[in-house]
Structures are given as structure tokens and as C-alpha cells.
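Novice: This is the structure I have questions about; it appears just below.
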Amino acid sequence: NGYQQQPKDDGFDLLLAYNGEVFQITNDFTLLRAATGIYGIGSGADYAVGALMAGATVEEAVKIAIKLDINSGGEIQIERSERTNNGTK
């Protein structure tokens, strides 16, 4: 039939913090903002965001995602920044 299946591109998601706001950019360059202000990317994102919504700390949420998602794991590194009147510090 002349059709050649293209290799699957897993794409990407990234979070961008700019001027005190956080944006999620998807692999088709869609710009998203969560109404909750809680973001997660990666295969365990749904588990981590759910844990955060239920009151877990960031570290607890990542540990929950690692426990529940077979593709999540490794060392946890948390970076924190302060929001100032002029945006993110």
C-alpha cells in the first residue's frame, strides 16, 4: 500500500516559569496553564499531582509516583524558588 509507519516520537513536555507564572509547553507547542497551579510531567505525573491535591508534600508526591508508576524512579531532586513581587527569584 506504500504506507511506511513512522517511528513513534515520544515527544516532550516542559514546564516554564516566567515572571512568577508557570506554563506547560507540550510537544506540539501548546501552552497550558493549570487552574490549580499544580503541574506534573512524565509518566508518573498523574500520581504525583493526585498526591499533591490530597495534601502530600512535593517529596511525598514524587515518592508515591515512583511507587505506583513502573517507569518512574531514581534519585529525587527538588529545586525550590521564591516568588517575589517582581516574579520568581
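Ordered as shown in the C-alpha cells, chains take letters A, B, and onward, while each chain numbers its residues from 1 and ligands are numbered from 1 in the order shown.
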I want to know what sits within 12 Å of A:Glu59, based on only C-alpha atoms, with residues of the same chain fewer than 4 positions away left out; could you give that as a list in words?
Specialist: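 Close residues of A:Glu59: Ala48, Val49, Ala51, Leu52, Gly55, Lys63, Ile64, Ala65, Ile66, Glu75, Ile76, Gln77, Ile78, Glu79 and Arg80 of chain A.
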Novice: Return as number ranges by chain the full set of residues in chain A whose backbone-based DSSP assignment is strand (DSSP E).
Specialist: A: 13-18, 21-26, 31-32, 83-84, 87-88
Novice: Extract the full set of helix (DSSP H, G or I) residues from stretch 15-71 of chain A according to DSSP on the backbone, and format it as a list of chain:residue names.
Specialist: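 Those residues are A:Ala45, A:Asp46, A:Tyr47, A:Ala48, A:Val49, A:Gly50, A:Ala51, A:Leu52, A:Met53, A:Val58, A:Glu59, A:Glu60, A:Ala61, A:Val62, A:Lys63, A:Ile64, A:Ala65, A:Ile66, A:Lys67, A:Leu68.
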Novice: Next, the residues of the selection above should be written as a short mmCIF file (atom, residue, chain, number, x, y, z; two decimals), in the first residue's frame with all heavy atoms.
Specialist:
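This went into out-v2.cif:
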data_model
loop_
_atom_site.label_atom_id
_atom_site.label_comp_id
_atom_site.auth_asym_id
_atom_site.auth_seq_id
_atom_site.Cartn_x
_atom_site.Cartn_y
_atom_site.Cartn_z
N ALA A 45 3.20 11.58 36.44
CA ALA A 45 2.63 12.89 36.74
C ALA A 45 1.23 12.80 37.37
O ALA A 45 0.94 13.51 38.32
CB ALA A 45 2.58 13.76 35.49
N ASP A 46 0.38 11.94 36.83
CA ASP A 46 -0.98 11.85 37.37
C ASP A 46 -0.97 11.42 38.83
O ASP A 46 -1.73 11.94 39.65
CB ASP A 46 -1.83 10.88 36.55
CG ASP A 46 -2.15 11.42 35.17
OD1 ASP A 46 -2.06 12.65 34.97
OD2 ASP A 46 -2.49 10.61 34.29
N TYR A 47 -0.09 10.47 39.17
CA TYR A 47 0.01 10.03 40.56
C TYR A 47 0.53 11.15 41.45
O TYR A 47 0.00 11.39 42.55
CB TYR A 47 0.95 8.83 40.68
CG TYR A 47 0.46 7.60 39.94
CD1 TYR A 47 1.17 7.09 38.87
CD2 TYR A 47 -0.70 6.95 40.33
CE1 TYR A 47 0.73 5.96 38.19
CE2 TYR A 47 -1.15 5.82 39.67
CZ TYR A 47 -0.43 5.33 38.61
OH TYR A 47 -0.87 4.22 37.94
N ALA A 48 1.57 11.85 41.00
CA ALA A 48 2.16 12.91 41.80
C ALA A 48 1.19 14.08 41.99
O ALA A 48 1.04 14.58 43.10
CB ALA A 48 3.46 13.40 41.14
N VAL A 49 0.52 14.48 40.93
CA VAL A 49 -0.44 15.59 41.04
C VAL A 49 -1.60 15.19 41.95
O VAL A 49 -2.04 15.98 42.79
CB VAL A 49 -0.93 16.04 39.65
CG1 VAL A 49 -2.10 17.00 39.76
CG2 VAL A 49 0.21 16.68 38.87
N GLY A 50 -2.08 13.97 41.82
CA GLY A 50 -3.14 13.50 42.71
C GLY A 50 -2.72 13.53 44.17
O GLY A 50 -3.48 13.95 45.05
N ALA A 51 -1.49 13.10 44.43
CA ALA A 51 -0.98 13.12 45.80
C ALA A 51 -0.87 14.55 46.32
O ALA A 51 -1.22 14.84 47.47
CB ALA A 51 0.37 12.41 45.86
N LEU A 52 -0.40 15.46 45.48
CA LEU A 52 -0.31 16.87 45.88
C LEU A 52 -1.69 17.44 46.18
O LEU A 52 -1.87 18.18 47.16
CB LEU A 52 0.37 17.69 44.77
CG LEU A 52 1.87 17.48 44.60
CD1 LEU A 52 2.35 18.12 43.31
CD2 LEU A 52 2.63 18.04 45.80
N MET A 53 -2.67 17.11 45.35
CA MET A 53 -4.04 17.60 45.56
C MET A 53 -4.63 17.05 46.86
O MET A 53 -5.49 17.68 47.47
CB MET A 53 -4.93 17.23 44.38
CG MET A 53 -4.49 17.78 43.05
SD MET A 53 -4.99 19.47 42.72
CE MET A 53 -6.74 19.39 42.79
N VAL A 58 5.77 17.84 48.21
CA VAL A 58 6.34 17.53 46.90
C VAL A 58 7.14 16.24 46.97
O VAL A 58 7.00 15.36 46.12
CB VAL A 58 7.23 18.71 46.40
CG1 VAL A 58 8.01 18.31 45.17
CG2 VAL A 58 6.38 19.93 46.15
N GLU A 59 7.97 16.08 47.98
CA GLU A 59 8.79 14.86 48.10
C GLU A 59 7.91 13.63 48.29
O GLU A 59 8.14 12.59 47.66
CB GLU A 59 9.78 14.99 49.25
CG GLU A 59 10.74 13.81 49.31
CD GLU A 59 11.88 14.02 50.28
OE1 GLU A 59 11.94 15.05 50.97
OE2 GLU A 59 12.74 13.11 50.35
N GLU A 60 6.87 13.72 49.12
CA GLU A 60 5.96 12.59 49.30
C GLU A 60 5.26 12.24 47.99
O GLU A 60 5.10 11.07 47.65
CB GLU A 60 4.91 12.93 50.37
CG GLU A 60 5.46 13.03 51.77
CD GLU A 60 4.47 13.65 52.75
OE1 GLU A 60 3.53 14.35 52.33
OE2 GLU A 60 4.65 13.42 53.96
N ALA A 61 4.85 13.27 47.23
CA ALA A 61 4.15 13.03 45.96
C ALA A 61 5.04 12.31 44.97
O ALA A 61 4.60 11.39 44.27
CB ALA A 61 3.66 14.37 45.39
N VAL A 62 6.30 12.70 44.89
CA VAL A 62 7.23 12.03 43.98
C VAL A 62 7.46 10.59 44.41
O VAL A 62 7.48 9.67 43.58
CB VAL A 62 8.56 12.81 43.87
CG1 VAL A 62 9.58 12.03 43.06
CG2 VAL A 62 8.32 14.18 43.26
N LYS A 63 7.60 10.37 45.70
CA LYS A 63 7.77 9.00 46.21
C LYS A 63 6.55 8.13 45.89
O LYS A 63 6.69 6.96 45.54
CB LYS A 63 8.04 9.01 47.71
CG LYS A 63 9.43 9.50 48.05
CD LYS A 63 9.67 9.49 49.55
CE LYS A 63 11.08 9.98 49.87
NZ LYS A 63 11.33 9.99 51.32
N ILE A 64 5.36 8.70 46.00
CA ILE A 64 4.14 7.97 45.66
C ILE A 64 4.13 7.62 44.18
O ILE A 64 3.82 6.50 43.79
CB ILE A 64 2.89 8.79 46.06
CG1 ILE A 64 2.76 8.81 47.59
CG2 ILE A 64 1.63 8.25 45.40
CD1 ILE A 64 1.76 9.83 48.11
N ALA A 65 4.49 8.58 43.33
CA ALA A 65 4.54 8.33 41.89
C ALA A 65 5.54 7.23 41.57
O ALA A 65 5.27 6.35 40.74
CB ALA A 65 4.89 9.62 41.14
N ILE A 66 6.69 7.25 42.21
CA ILE A 66 7.71 6.21 41.98
C ILE A 66 7.19 4.84 42.39
O ILE A 66 7.42 3.85 41.71
CB ILE A 66 9.01 6.56 42.73
CG1 ILE A 66 9.71 7.75 42.05
CG2 ILE A 66 9.94 5.36 42.82
CD1 ILE A 66 10.88 8.31 42.83
N LYS A 67 6.46 4.81 43.48
CA LYS A 67 5.92 3.53 43.97
C LYS A 67 4.84 2.97 43.04
O LYS A 67 4.75 1.76 42.84
CB LYS A 67 5.36 3.73 45.38
CG LYS A 67 4.93 2.46 46.06
CD LYS A 67 4.55 2.73 47.50
CE LYS A 67 4.27 1.42 48.19
NZ LYS A 67 4.02 1.61 49.62
N LEU A 68 4.04 3.84 42.45
CA LEU A 68 2.89 3.40 41.66
C LEU A 68 3.15 3.30 40.15
O LEU A 68 2.42 2.59 39.46
CB LEU A 68 1.70 4.34 41.90
CG LEU A 68 1.17 4.36 43.32
CD1 LEU A 68 0.10 5.44 43.48
CD2 LEU A 68 0.63 3.00 43.72
#
Novice: For atom CA of A:Ile70 and atom CA of A:Ile25, quote the distance in Å rounded to one decimal.
Specialist: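 According to the coordinates, atom CA of A:Ile70 and atom CA of A:Ile25 are separated by 24.4 Å.
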Novice: I'd like the contact shell of A:Asn71 - 9 Å cut-off, only C-alpha atoms, skipping same-chain residues fewer than 2 positions apart - returned as a PyMOL selection string.
Specialist: chain A and resi 42-44+66+69+73
Novice: Could the residues in this selection be saved with N, CA, C and O atoms as a compact mmCIF listing (two decimals), in the first residue's frame?
Specialist:
# COMPACT_ATOMS: atom_id res chain seq x y z
N GLY A 42 5.79 13.80 32.92
CA GLY A 42 6.38 12.47 32.98
C GLY A 42 5.33 11.41 33.22
O GLY A 42 4.15 11.71 33.45
N SER A 43 5.76 10.17 33.17
CA SER A 43 4.80 9.06 33.26
C SER A 43 4.10 8.98 34.60
O SER A 43 2.98 8.49 34.70
N GLY A 44 4.72 9.46 35.67
CA GLY A 44 4.10 9.40 36.99
C GLY A 44 3.37 10.68 37.39
O GLY A 44 2.95 10.84 38.53
N ILE A 66 6.69 7.25 42.21
CA ILE A 66 7.71 6.21 41.98
C ILE A 66 7.19 4.84 42.39
O ILE A 66 7.42 3.85 41.71
N ASP A 69 4.15 4.00 39.65
CA ASP A 69 4.41 4.01 38.21
C ASP A 69 5.70 3.25 37.90
O ASP A 69 6.77 3.62 38.37
N GLY A 73 11.30 6.53 38.75
CA GLY A 73 12.28 6.04 39.71
C GLY A 73 13.52 6.90 39.71
O GLY A 73 13.60 7.93 39.04
Novice: Calculate how many Å separate atom CA of A:Val22 from atom CA of A:Ala54, rounding to one decimal.
Specialist: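 About the pair atom CA of A:Val22 and atom CA of A:Ala54: they are 20.7 Å apart.
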Novice: Which distance in Å separates atom CA of A:Arg33 and atom CA of A:Leu14, to one decimal?
Specialist: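 Atom CA of A:Arg33 sits 12.0 Å away from atom CA of A:Leu14.
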Novice: For A:Glu21, which of A:Ala34, A:Ile41, A:Ser72, A:Ala56 is the closest residue, counting only C-alpha atoms?
Specialist: A:Ala34
